[in-house]
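Enquirer: This is query-v7.txt (compact mmCIF, C-alpha atoms).
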```
# COMPACT_ATOMS: atom_id res chain seq x y z
CA MET T 1 73.41 135.53 95.05
CA LYS T 2 70.11 137.19 95.89
CA SER T 3 69.00 134.03 97.70
CA PHE T 4 72.18 134.10 99.80
CA GLN T 5 71.70 137.77 100.67
CA ARG T 6 68.08 137.13 101.58
CA ARG T 7 69.02 134.26 103.87
CA ARG T 8 71.68 136.45 105.52
CA VAL T 9 69.19 139.26 106.07
CA LEU T 10 66.69 136.85 107.59
CA ARG T 11 69.34 135.39 109.87
CA THR T 12 70.36 138.90 110.94
CA MET T 13 66.75 139.85 111.63
CA ALA T 14 66.24 136.66 113.61
CA LEU T 15 69.37 137.32 115.65
CA ALA T 16 68.33 140.91 116.31
CA THR T 17 64.88 139.73 117.37
CA THR T 18 66.43 137.19 119.73
CA VAL T 19 68.80 139.77 121.21
CA LEU T 20 65.96 142.26 121.61
CA ALA T 21 63.74 139.68 123.22
CA THR T 22 66.55 138.59 125.51
CA GLY T 23 67.24 142.20 126.41
CA LEU T 24 63.59 142.85 127.15
CA MET T 25 63.38 139.69 129.22
CA THR T 26 66.55 140.70 131.08
CA GLY T 27 65.12 144.15 131.64
CA PHE T 28 61.86 142.71 132.91
CA ALA T 29 63.79 140.28 135.09
CA GLY T 30 65.91 143.12 136.47
CA THR T 31 62.83 145.20 137.17
CA ALA T 32 61.16 142.23 138.79
CA ALA T 33 64.25 141.54 140.86
CA ALA T 34 64.30 145.15 142.00
CA GLN T 35 60.62 144.97 142.83
CA GLU T 36 61.05 141.65 144.62
CA ARG T 37 64.07 142.78 146.68
CA LYS T 38 63.45 141.66 150.23
CA SER T 39 66.51 143.03 152.05
CA VAL T 40 69.66 145.11 151.87
CA LYS T 41 72.86 143.08 152.16
CA ILE T 42 75.33 144.64 154.59
CA GLY T 43 78.61 142.78 154.94
CA TYR T 44 81.74 143.14 157.01
CA ALA T 45 84.90 141.33 158.03
CA ILE T 46 85.80 141.84 161.66
CA SER T 47 88.39 140.45 164.09
CA LYS T 48 86.32 138.09 166.22
CA THR T 49 89.41 136.06 167.08
CA GLY T 50 93.13 136.82 167.30
CA GLY T 51 95.04 139.78 168.66
CA ASN T 52 92.65 142.44 167.38
CA ALA T 53 89.55 140.80 168.82
CA GLY T 54 89.67 142.85 172.01
CA GLY T 55 89.56 146.18 170.19
CA ALA T 56 87.07 145.06 167.55
CA GLY T 57 84.87 143.47 170.21
CA ILE T 58 84.61 146.73 172.14
CA THR T 59 84.65 149.50 169.56
CA THR T 60 83.29 148.04 166.34
CA LEU T 61 81.26 144.84 166.42
CA PRO T 62 78.80 145.83 169.19
CA ASN T 63 77.97 149.02 167.30
CA TYR T 64 77.34 147.08 164.10
CA GLN T 65 75.01 144.80 166.03
CA LEU T 66 73.28 147.68 167.79
CA TRP T 67 72.73 149.57 164.54
CA VAL T 68 71.35 146.54 162.69
CA LYS T 69 68.93 145.90 165.56
CA ASP T 70 67.86 149.55 165.69
CA VAL T 71 67.28 149.67 161.93
CA ASN T 72 65.45 146.36 161.69
CA ASP T 73 63.32 147.09 164.76
CA ALA T 74 62.20 150.26 162.96
CA GLY T 75 61.21 148.30 159.86
CA GLY T 76 64.48 148.43 157.95
CA LEU T 77 66.53 150.88 155.94
CA GLU T 78 64.32 153.55 154.43
CA LEU T 79 64.72 154.27 150.72
CA PRO T 80 63.89 157.52 148.88
CA ASP T 81 60.40 156.24 147.95
CA GLY T 82 59.60 155.59 151.61
CA LYS T 83 59.88 151.81 151.32
CA LYS T 84 61.80 150.06 154.09
CA LEU T 85 63.96 146.97 153.66
CA PRO T 86 65.49 144.97 156.52
CA ILE T 87 69.24 144.53 156.75
CA GLU T 88 70.62 141.11 155.90
CA VAL T 89 74.02 140.70 157.57
CA ILE T 90 76.94 138.84 155.99
CA GLU T 91 79.72 138.51 158.55
CA TYR T 92 83.24 137.08 158.33
CA ASP T 93 85.91 136.65 161.00
CA ASP T 94 89.16 138.05 159.62
CA ARG T 95 91.00 136.29 162.47
CA SER T 96 93.16 139.39 162.97
CA SER T 97 94.93 138.59 159.70
CA ALA T 98 95.54 141.28 157.09
CA GLU T 99 95.52 138.66 154.35
CA GLU T 100 92.21 137.26 155.56
CA VAL T 101 90.50 140.65 155.80
CA VAL T 102 91.48 141.35 152.18
CA ARG T 103 90.12 137.97 151.05
CA ALA T 104 86.91 138.49 152.99
CA VAL T 105 86.23 141.95 151.56
CA GLU T 106 86.93 140.63 148.06
CA ARG T 107 84.44 137.83 148.71
CA LEU T 108 81.80 140.25 149.99
CA ALA T 109 82.12 142.37 146.87
CA THR T 110 82.39 139.70 144.18
CA GLN T 111 80.60 136.63 145.50
CA ASP T 112 78.14 137.84 148.11
CA LYS T 113 77.31 140.99 146.12
CA ALA T 114 76.88 143.02 149.32
CA ASP T 115 75.04 146.29 148.81
CA PHE T 116 77.36 148.00 151.30
CA ILE T 117 80.42 146.84 153.22
CA LEU T 118 81.32 148.08 156.69
CA VAL T 119 84.94 148.57 157.65
CA PRO T 120 87.25 146.35 159.71
CA TRP T 121 88.87 147.42 162.98
CA GLY T 122 92.32 148.99 163.01
CA THR T 123 94.40 151.43 161.03
CA GLY T 124 96.44 148.79 159.21
CA PHE T 125 93.40 146.78 158.18
CA ASN T 126 91.56 149.83 156.87
CA LEU T 127 94.58 150.70 154.75
CA ALA T 128 94.79 147.11 153.52
CA VAL T 129 91.21 147.05 152.24
CA ALA T 130 90.99 150.64 150.97
CA PRO T 131 91.99 149.72 147.39
CA LEU T 132 89.26 147.06 147.31
CA PHE T 133 86.57 149.42 148.57
CA ASP T 134 87.65 151.85 145.87
CA ARG T 135 87.84 149.24 143.10
CA TYR T 136 84.33 147.98 143.75
CA GLY T 137 82.83 151.41 144.40
CA TYR T 138 81.93 151.07 148.08
CA PRO T 139 82.04 154.02 150.48
CA GLN T 140 84.63 153.30 153.16
CA LEU T 141 83.73 154.87 156.51
CA ALA T 142 87.09 154.24 158.18
CA VAL T 143 86.41 154.87 161.85
CA SER T 144 89.11 152.96 163.73
CA ALA T 145 91.95 154.36 161.63
CA VAL T 146 94.34 157.15 162.59
CA THR T 147 96.41 158.49 159.72
CA ASP T 148 98.08 161.73 158.73
CA LYS T 149 97.79 160.68 155.11
CA ALA T 150 94.01 161.03 155.00
CA PRO T 151 94.18 164.13 152.75
CA ASP T 152 96.22 162.10 150.25
CA PHE T 153 94.04 159.02 150.61
CA VAL T 154 90.82 160.87 149.79
CA LYS T 155 92.40 161.97 146.53
CA ARG T 156 93.46 158.42 145.69
CA TRP T 157 90.30 156.72 147.01
CA LYS T 158 87.55 159.27 146.50
CA LYS T 159 84.90 157.24 148.32
CA SER T 160 87.01 156.85 151.47
CA PHE T 161 86.14 158.75 154.65
CA TRP T 162 88.53 159.06 157.62
CA MET T 163 86.92 159.62 160.99
CA LEU T 164 89.58 159.60 163.72
CA GLY T 165 91.96 162.31 162.58
CA GLY T 166 95.69 162.01 162.07
CA GLY T 167 98.68 161.30 164.24
CA HIS T 168 99.71 164.97 164.20
CA ASP T 169 96.37 165.96 165.78
CA TYR T 170 96.90 163.71 168.79
CA ALA T 171 100.64 164.35 169.02
CA ARG T 172 100.29 168.14 168.99
CA ALA T 173 97.59 168.02 171.65
CA LEU T 174 99.80 165.90 173.91
CA ALA T 175 102.83 168.11 173.19
CA ALA T 176 100.83 171.17 174.24
CA ILE T 177 99.85 169.51 177.52
CA LEU T 178 103.46 168.56 178.24
CA ALA T 179 104.73 172.04 177.35
CA ASP T 180 102.22 173.67 179.70
CA ALA T 181 103.14 171.22 182.48
CA LYS T 182 106.83 171.93 181.96
CA LYS T 183 106.22 175.67 182.06
CA ALA T 184 104.31 175.25 185.31
CA GLY T 185 107.17 173.24 186.81
CA MET T 186 105.13 170.04 187.05
CA VAL T 187 107.41 167.94 184.83
CA ASN T 188 111.00 168.11 183.65
CA GLY T 189 110.11 168.08 179.95
CA LYS T 190 111.78 164.73 179.22
CA VAL T 191 109.83 161.88 177.60
CA ALA T 192 110.40 158.15 177.23
CA MET T 193 108.40 156.86 174.26
CA ILE T 194 107.60 153.46 172.73
CA SER T 195 105.40 152.56 169.77
CA VAL T 196 103.97 149.47 168.07
CA ALA T 197 105.38 148.74 164.61
CA ASP T 198 102.01 149.00 162.87
CA GLY T 199 100.20 151.66 160.85
CA PHE T 200 98.79 153.22 164.02
CA GLY T 201 102.05 153.28 165.99
CA ILE T 202 104.11 154.43 163.03
CA ASP T 203 101.74 157.28 162.25
CA LEU T 204 101.63 158.48 165.86
CA VAL T 205 105.32 158.28 166.65
CA THR T 206 106.27 159.88 163.33
CA ALA T 207 104.07 162.82 164.24
CA ALA T 208 105.11 162.92 167.91
CA ARG T 209 108.84 163.35 167.34
CA PRO T 210 108.64 166.76 165.60
CA ALA T 211 105.65 167.85 167.71
CA PHE T 212 107.59 167.29 170.95
CA LYS T 213 110.67 169.01 169.55
CA GLU T 214 108.68 172.08 168.51
CA ALA T 215 107.11 172.23 171.98
CA GLY T 216 110.49 172.09 173.71
CA ILE T 217 110.00 168.54 174.97
CA GLU T 218 113.04 166.26 174.84
CA VAL T 219 112.57 162.61 173.80
CA ILE T 220 115.39 160.75 175.56
CA TYR T 221 114.14 157.21 174.99
CA ASP T 222 112.47 156.08 171.75
CA LYS T 223 111.85 152.39 170.98
CA THR T 224 109.59 150.54 168.56
CA TYR T 225 108.31 147.05 169.32
CA PRO T 226 106.60 144.40 167.15
CA GLY T 227 102.88 143.74 167.47
CA GLY T 228 102.13 140.87 169.82
CA THR T 229 104.84 141.82 172.32
CA SER T 230 103.81 140.82 175.82
CA ASP T 231 106.90 141.38 177.97
CA PHE T 232 107.65 145.09 178.35
CA SER T 233 109.79 144.86 181.47
CA PRO T 234 113.08 145.66 179.65
CA MET T 235 111.59 148.79 178.06
CA ILE T 236 109.90 149.85 181.28
CA ASN T 237 113.13 149.48 183.26
CA GLU T 238 115.07 151.43 180.63
CA ALA T 239 112.45 154.19 180.59
CA LYS T 240 112.49 154.29 184.39
CA ALA T 241 116.28 154.69 184.38
CA SER T 242 116.26 157.31 181.62
CA GLY T 243 115.39 160.27 183.83
CA ALA T 244 112.17 161.03 181.95
CA ASP T 245 109.15 161.72 184.10
CA ALA T 246 106.70 161.31 181.21
CA PHE T 247 106.07 157.95 179.55
CA VAL T 248 104.21 157.70 176.24
CA ALA T 249 103.19 154.45 174.53
CA PHE T 250 101.41 154.35 171.19
CA SER T 251 100.09 150.87 171.82
CA TYR T 252 97.22 148.53 170.92
CA PRO T 253 94.89 147.07 173.60
CA PRO T 254 96.82 143.94 174.61
CA GLU T 255 100.01 145.98 175.03
CA THR T 256 98.18 148.82 176.80
CA PHE T 257 96.86 146.46 179.45
CA ALA T 258 100.20 144.68 179.78
CA LEU T 259 102.12 147.96 180.11
CA THR T 260 99.81 149.15 182.87
CA GLN T 261 100.27 146.02 184.95
CA GLN T 262 104.01 145.71 184.35
CA ALA T 263 104.61 149.37 185.18
CA GLN T 264 102.99 148.76 188.57
CA VAL T 265 105.09 145.66 189.17
CA ALA T 266 108.22 147.70 188.36
CA SER T 267 107.06 150.59 190.57
CA PHE T 268 107.38 152.85 187.55
CA SER T 269 105.02 155.73 188.24
CA PRO T 270 105.81 158.64 185.89
CA LYS T 271 104.19 162.02 186.46
CA VAL T 272 102.66 161.78 182.98
CA LEU T 273 101.45 158.40 181.73
CA TYR T 274 99.97 158.32 178.23
CA LEU T 275 99.01 154.95 176.73
CA GLY T 276 97.40 153.95 173.45
CA VAL T 277 94.27 152.15 172.30
CA GLY T 278 92.47 150.36 175.11
CA THR T 279 92.99 153.07 177.73
CA GLY T 280 89.53 154.36 176.94
CA PHE T 281 87.88 150.94 177.32
CA PRO T 282 85.47 150.76 180.29
CA VAL T 283 87.13 147.53 181.39
CA TYR T 284 90.42 149.41 181.68
CA GLY T 285 88.92 151.74 184.25
CA LYS T 286 87.17 148.87 185.99
CA ASN T 287 90.29 146.73 186.22
CA ASN T 288 92.56 149.53 187.43
CA GLY T 289 90.18 151.44 189.69
CA GLU T 290 91.88 154.43 191.31
CA ASN T 291 95.11 153.58 189.53
CA ALA T 292 93.52 154.65 186.24
CA THR T 293 93.12 158.21 187.52
CA GLY T 294 95.31 160.66 185.66
CA ILE T 295 96.27 158.29 182.84
CA MET T 296 95.84 159.89 179.41
CA SER T 297 95.23 158.62 175.91
CA LEU T 298 93.52 159.41 172.63
CA GLY T 299 89.84 160.32 172.61
CA GLY T 300 87.52 161.02 175.51
CA ILE T 301 83.95 162.22 175.93
CA ASP T 302 82.02 165.16 177.31
CA PRO T 303 80.36 163.50 180.33
CA ASN T 304 77.57 166.09 180.22
CA ASN T 305 76.59 165.39 176.60
CA LYS T 306 73.07 163.95 176.91
CA MET T 307 72.96 162.39 173.44
CA ASN T 308 76.20 160.55 174.14
CA ALA T 309 74.99 159.51 177.59
CA ASP T 310 71.72 158.14 176.15
CA TYR T 311 73.65 156.28 173.46
CA ARG T 312 75.97 154.74 176.06
CA LYS T 313 73.05 153.46 178.15
CA ARG T 314 71.30 151.94 175.14
CA HIS T 315 74.54 150.40 173.84
CA GLU T 316 75.13 148.57 177.10
CA ALA T 317 71.48 147.55 177.49
CA VAL T 318 71.29 146.03 174.00
CA THR T 319 74.78 144.55 173.53
CA GLY T 320 75.63 143.70 177.12
CA VAL T 321 78.92 145.61 176.97
CA ALA T 322 79.69 149.26 177.61
CA PRO T 323 81.04 151.32 174.70
CA ASP T 324 84.54 152.69 174.81
CA TYR T 325 85.30 156.38 175.36
CA TRP T 326 86.73 157.08 171.92
CA GLY T 327 85.75 155.26 168.75
CA SER T 328 82.47 153.61 169.79
CA VAL T 329 80.21 156.62 169.50
CA ILE T 330 81.93 157.67 166.27
CA THR T 331 81.38 154.18 164.85
CA TYR T 332 77.66 154.40 165.57
CA ALA T 333 77.49 157.92 164.15
CA SER T 334 79.13 156.71 160.92
CA LEU T 335 76.38 154.12 160.54
CA GLN T 336 73.70 156.75 161.12
CA MET T 337 75.30 158.82 158.36
CA LEU T 338 75.25 155.83 156.00
CA GLN T 339 71.63 155.13 156.90
CA GLU T 340 70.53 158.69 156.18
CA ALA T 341 72.51 158.82 152.93
CA ILE T 342 70.70 155.65 151.78
CA LYS T 343 67.39 157.23 152.72
CA ARG T 344 68.23 160.23 150.54
CA LYS T 345 69.89 158.46 147.60
CA GLY T 346 68.89 154.79 147.66
CA LEU T 347 71.24 151.88 147.12
CA ASP T 348 73.42 153.44 144.45
CA LYS T 349 76.89 153.32 146.00
CA ALA T 350 78.26 156.28 144.04
CA ALA T 351 75.28 158.49 144.92
CA VAL T 352 75.50 157.48 148.59
CA SER T 353 79.23 158.27 148.64
CA ALA T 354 78.61 161.69 147.11
CA GLU T 355 75.92 162.41 149.70
CA LEU T 356 78.22 161.37 152.53
CA ALA T 357 80.89 163.73 151.20
CA SER T 358 78.61 166.76 150.92
CA GLY T 359 75.70 166.22 153.29
CA THR T 360 75.02 167.21 156.88
CA PHE T 361 73.65 164.56 159.24
CA GLN T 362 72.11 164.40 162.68
CA THR T 363 73.85 161.70 164.71
CA VAL T 364 74.63 160.82 168.32
CA LEU T 365 77.51 163.29 167.94
CA GLY T 366 75.07 166.07 167.08
CA GLU T 367 75.26 167.77 163.70
CA THR T 368 77.90 165.85 161.79
CA LYS T 369 79.60 166.76 158.52
CA PHE T 370 82.77 165.73 156.72
CA GLU T 371 85.44 168.23 155.75
CA ASP T 372 87.22 166.93 152.66
CA ASN T 373 86.02 163.41 153.58
CA GLN T 374 87.41 163.75 157.11
CA LEU T 375 85.76 164.17 160.51
CA ARG T 376 87.48 166.95 162.41
CA GLN T 377 85.36 167.69 165.51
CA LEU T 378 87.09 165.21 167.79
CA TRP T 379 88.64 164.87 171.23
CA TRP T 380 92.41 164.66 170.74
CA THR T 381 93.31 163.82 174.34
CA GLY T 382 91.35 162.27 177.19
CA GLN T 383 92.15 161.52 180.82
CA TRP T 384 90.66 159.26 183.46
CA GLN T 385 89.00 161.46 186.07
CA ASN T 386 86.44 160.43 188.68
CA GLY T 387 85.79 157.08 187.04
CA GLN T 388 85.26 158.42 183.51
CA PHE T 389 87.54 158.98 180.55
CA VAL T 390 86.87 162.62 179.74
CA GLY T 391 88.02 164.82 176.87
CA VAL T 392 90.64 167.40 177.85
CA MET T 393 91.95 168.57 174.46
CA PRO T 394 91.10 170.74 172.61
CA ALA T 395 90.93 172.70 175.86
CA ASP T 396 88.68 175.35 174.30
CA ARG T 397 86.10 172.89 173.00
CA PRO T 398 82.74 173.07 174.80
CA GLY T 399 82.53 170.30 177.38
CA ALA T 400 86.31 169.96 177.85
CA SER T 401 87.55 168.95 181.29
CA LYS T 402 90.72 170.43 182.76
CA VAL T 403 93.89 168.33 182.65
CA VAL T 404 95.00 167.15 186.09
CA LEU T 405 98.77 166.72 186.48
CA PRO T 406 100.97 165.31 187.80
CA ARG T 407 99.33 161.93 188.32
CA GLY T 408 99.94 160.22 191.64
CA GLU T 409 101.83 157.12 192.63
CA TRP T 410 100.38 153.68 192.03
CA LYS T 411 98.07 152.60 194.83
CA LYS T 412 98.43 149.08 196.17
CA LYS T 413 95.38 146.90 195.53
```
Can you dump the structure from the file as structure tokens?
Expert:
Amino acid sequence: MKSFQRRRVLRTMALATTVLATGLMTGFAGTAAAQERKSVKIGYAISKTGGNAGGAGITTLPNYQLWVKDVNDAGGLELPDGKKLPIEVIEYDDRSSAEEVVRAVERLATQDKADFILVPWGTGFNLAVAPLFDRYGYPQLAVSAVTDKAPDFVKRWKKSFWMLGGGHDYARALAAILADAKKAGMVNGKVAMISVADGFGIDLVTAARPAFKEAGIEVIYDKTYPGGTSDFSPMINEAKASGADAFVAFSYPPETFALTQQAQVASFSPKVLYLGVGTGFPVYGKNNGENATGIMSLGGIDPNNKMNADYRKRHEAVTGVAPDYWGSVITYASLQMLQEAIKRKGLDKAAVSAELASGTFQTVLGETKFEDNQLRQLWWTGQWQNGQFVGVMPADRPGASKVVLPRGEWKKK
């Protein structure tokens, strides 16, 4: 009996010694791995092909590329101890598929072991991947996402940050413009409205209906269309015949460009023309020339903001494409915030998220700070004026341009 107990004790001691040695070796290996770290893995899934490629290729991807170049040219991401590590990029094409963006983010988190993951383009895609960012502890700097549910989302996903405001912000700003124009006798106060059946379009139109009603604006035509629609002639003709002299489309880039061209073909020239994402793309102004003048949309810039102007010049010089007039500069600012949070807190995702939530950062937007994980200092409405897409609402914000209405007739090219 004693012999058996002795053998058991010896086996237990041997096992404990093995476990301890293994633990020490693992600890040493972990320390060595930390010491031997050569880079910081930054991953993202982005729409390089498919219907979302136009938006992602203007607003998001060039800013990711610009930021990585800026950081690596400066020696890498700086850590709290002053050490700098270059960024190693892991990139996937989500092919404009919600299923694929979810798979790619899962892969980045579980297989690639990315230190940080950057967000995809689009409201719907950001909502699709939000649970994954939360599950794996990554801060989600959702730039190209407009949602009124951000206050609820930050409670559900505490490391999520929403940087483009909500549909009610943009809808109320537009309603105020229309109400003022109606009061001044510029428009008849009747609106024809269409919206894409996607997270973005749903959020905007759901906010616009009550906002217009409260402002005394009558919506006399209200249609939703599926994403990927290319022929808008039936809707344009119906809107033209409705008696409304304001036309509002909460659209994505392909539809925005198609609507502009088809409205000209149909000689539909409403006094107020407000289109969705893509209106603030430089190529939109270039393609439409004088015909872009007076057209309104979400976003805008202060053309006299030197930091923004310098950023725009550098963006085009490095990437070969001009930034848009809405989400581009905010995308780059979000990356600067992430960079500074890493400098202050290192590569611990939870600590970085907490710093993003509470810290103040100097970015191309100026002093930048979240309010309840949301960015609130934004341009809610912009308008093409003198070859630039300038911010007009909030009207009392420094740098705001004055709204010019009514817009003129289409000019023949």
Enquirer: What's the 7 Å shell around Tyr325 (chain T), counting all atoms listed in the file, without same-chain residues fewer than 5 positions away, as number ranges by chain?
Expert: T: 280-281, 299-301, 389
Enquirer: Please write out, as JSON, where the centre of an axis-aligned box around all listed atoms of region 52-57 of chain T lies and how long its edges are, in Å to one decimal, after adding 3 Å on each side.
Expert:
```
{"center_x": 88.8, "center_y": 143.5, "center_z": 169.7, "size_x": 13.8, "size_y": 11.4, "size_z": 10.6}
```
Enquirer: As a PyMOL selection string, please: the residues near Phe125 (chain T) (cut-off 12 Å, all atoms listed in the file, same-chain neighbours under 4 positions excluded).
Expert: chain T and resi 45-47+52+56+94-105+119-121+129-132+142-146+198-200
Enquirer: Would you pick out the contacts of His315 (chain T) at 8 Å or less, using all atoms listed in the file, so that residues sharing its chain but fewer than 4 positions from it are not included, and give the list as a PyMOL selection string?
Expert: chain T and resi 62-63+66+311+319-323
Enquirer: Using Å and a single decimal, report how far CA of Ile87 (chain T) sits from CA of Glu355 (chain T).
Expert: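 Spanning CA of Glu355 (chain T) to CA of Ile87 (chain T) is a straight-line distance of 20.3 Å.
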Enquirer: Could you jot down the CA of Asp203 (chain T) to CA of Gly276 (chain T) separation for me, Å, one decimal place?
Expert: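 Computing the Euclidean distance for CA of Asp203 (chain T) and CA of Gly276 (chain T) yields 12.5 Å.
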Enquirer: Using only C-alpha atoms, find the one residue out of T:Arg397, T:Arg172, T:Lys113, T:Arg344 that sits nearest to Pro210 (chain T).
Expert: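 Looking at the shortest contact to Pro210 (chain T), the residue is T:Arg172.
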Enquirer: May I have the residues within 8 Å of Leu204 (chain T) as an NGL selection string, using only C-alpha atoms and disregarding those fewer than 2 positions away in the same chain?
Expert: :T and (166-168 or 170-171 or 200-202 or 206-208 or 250)
Enquirer: Between CA of Asn188 (chain T) and CA of Lys223 (chain T), what is the distance in Å, rounded to a tenth?
Expert: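 Taking CA of Asn188 (chain T) and CA of Lys223 (chain T), their separation equals 20.2 Å.
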Enquirer: Write out as a ChimeraX atom specification which residues come within 7 Å of Val352 (chain T) when counting only C-alpha atoms, dropping same-chain ones fewer than 6 positions away.
Expert: /T:341-342,345
Enquirer: Go ahead and save the picked residues with C-alpha atoms, as a CSV table (one decimal), in the coordinates of the input.
Expert:
```csv
chain,number,residue,atom,x,y,z
T,341,ALA,CA,72.5,158.8,152.9
T,342,ILE,CA,70.7,155.6,151.8
T,345,LYS,CA,69.9,158.5,147.6
```
Enquirer: Between T:Val205, T:Ala395, T:Val187, T:Ala197, single out the one closest to Gly124 (chain T), counting only C-alpha atoms.
Expert: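 Checking each candidate against Gly124 (chain T), we get T:Ala197 as the closest.
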Enquirer: For each of T:Gly289, T:Trp410, T:Glu340, T:Ile220, take the minimum atom-to-atom distance to Ala266 (chain T), counting all atoms listed in the file, then give the residue where this is smallest.
Expert: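 For Ala266 (chain T), the nearest of the candidates is T:Trp410.
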Enquirer: Which residue out of T:Met337, T:Val272, T:Val392, T:Leu61 has the minimum interatomic distance to Thr49 (chain T) when all atoms listed in the file are used?
Expert: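 Closest residue, counting all atoms listed in the file: T:Leu61.
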Enquirer: Would you mind telling me which residue in T:Asp245, T:Asp302, T:Asp81, T:Glu255 lies nearest to Ile194 (chain T) when using only C-alpha atoms?
Expert: T:Glu255
Enquirer: Check the smallest atom-to-atom distance from each of T:Phe247, T:Met235, T:Lys271, T:Val71 to Gly185 (chain T) using all atoms listed in the file, then report the winner.
Expert: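 Using all atoms listed in the file, the shortest distance to Gly185 (chain T) belongs to T:Lys271.
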Enquirer: Could you pull out every residue with an atom within 7 Å of (93.1, 155.5, 143.7), file coordinates, counting only C-alpha atoms, and send them as an mmCIF file with C-alpha atoms, in the coordinates of the input?
Expert:
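Output saved as selection-v9.cif:
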```cif
data_model
loop_
_atom_site.group_PDB
_atom_site.id
_atom_site.type_symbol
_atom_site.label_atom_id
_atom_site.label_comp_id
_atom_site.auth_asym_id
_atom_site.auth_seq_id
_atom_site.Cartn_x
_atom_site.Cartn_y
_atom_site.Cartn_z
ATOM 1 C CA PRO T 131 91.990 149.720 147.390
ATOM 2 C CA ASP T 134 87.650 151.850 145.870
ATOM 3 C CA ARG T 156 93.460 158.420 145.690
ATOM 4 C CA TRP T 157 90.300 156.720 147.010
#
```
Enquirer: Please write a file for region 148-152 of chain T, taken from the block I just shared, that holds all heavy atoms and is laid out as a short mmCIF file (atom, residue, chain, number, x, y, z; two decimals), in the first residue's frame.
Expert:
```cif
data_model
loop_
_atom_site.label_atom_id
_atom_site.label_comp_id
_atom_site.auth_asym_id
_atom_site.auth_seq_id
_atom_site.Cartn_x
_atom_site.Cartn_y
_atom_site.Cartn_z
N ASP T 148 -29.40 55.06 -37.85
CA ASP T 148 -30.02 55.70 -36.69
C ASP T 148 -29.94 54.83 -35.45
O ASP T 148 -30.24 55.29 -34.35
CB ASP T 148 -31.50 56.00 -36.99
CG ASP T 148 -31.69 57.31 -37.73
OD1 ASP T 148 -30.87 58.22 -37.52
OD2 ASP T 148 -32.63 57.41 -38.52
N LYS T 149 -29.55 53.58 -35.64
CA LYS T 149 -29.50 52.65 -34.52
C LYS T 149 -28.15 52.61 -33.83
O LYS T 149 -27.91 51.76 -32.97
CB LYS T 149 -29.89 51.25 -34.99
CG LYS T 149 -31.34 51.15 -35.46
CD LYS T 149 -31.71 49.73 -35.85
CE LYS T 149 -33.18 49.65 -36.28
NZ LYS T 149 -33.56 48.27 -36.68
N ALA T 150 -27.26 53.53 -34.19
CA ALA T 150 -25.94 53.55 -33.58
C ALA T 150 -25.99 53.58 -32.04
O ALA T 150 -25.23 52.86 -31.39
CB ALA T 150 -25.11 54.72 -34.12
N PRO T 151 -26.85 54.39 -31.42
CA PRO T 151 -26.91 54.37 -29.96
C PRO T 151 -27.23 52.99 -29.38
O PRO T 151 -26.73 52.62 -28.32
CB PRO T 151 -28.01 55.38 -29.63
CG PRO T 151 -28.01 56.32 -30.80
CD PRO T 151 -27.74 55.44 -31.98
N ASP T 152 -28.07 52.24 -30.09
CA ASP T 152 -28.39 50.88 -29.65
C ASP T 152 -27.23 49.92 -29.93
O ASP T 152 -26.92 49.05 -29.11
CB ASP T 152 -29.65 50.36 -30.36
CG ASP T 152 -30.87 51.19 -30.03
OD1 ASP T 152 -30.98 51.67 -28.88
OD2 ASP T 152 -31.72 51.37 -30.92
#
```
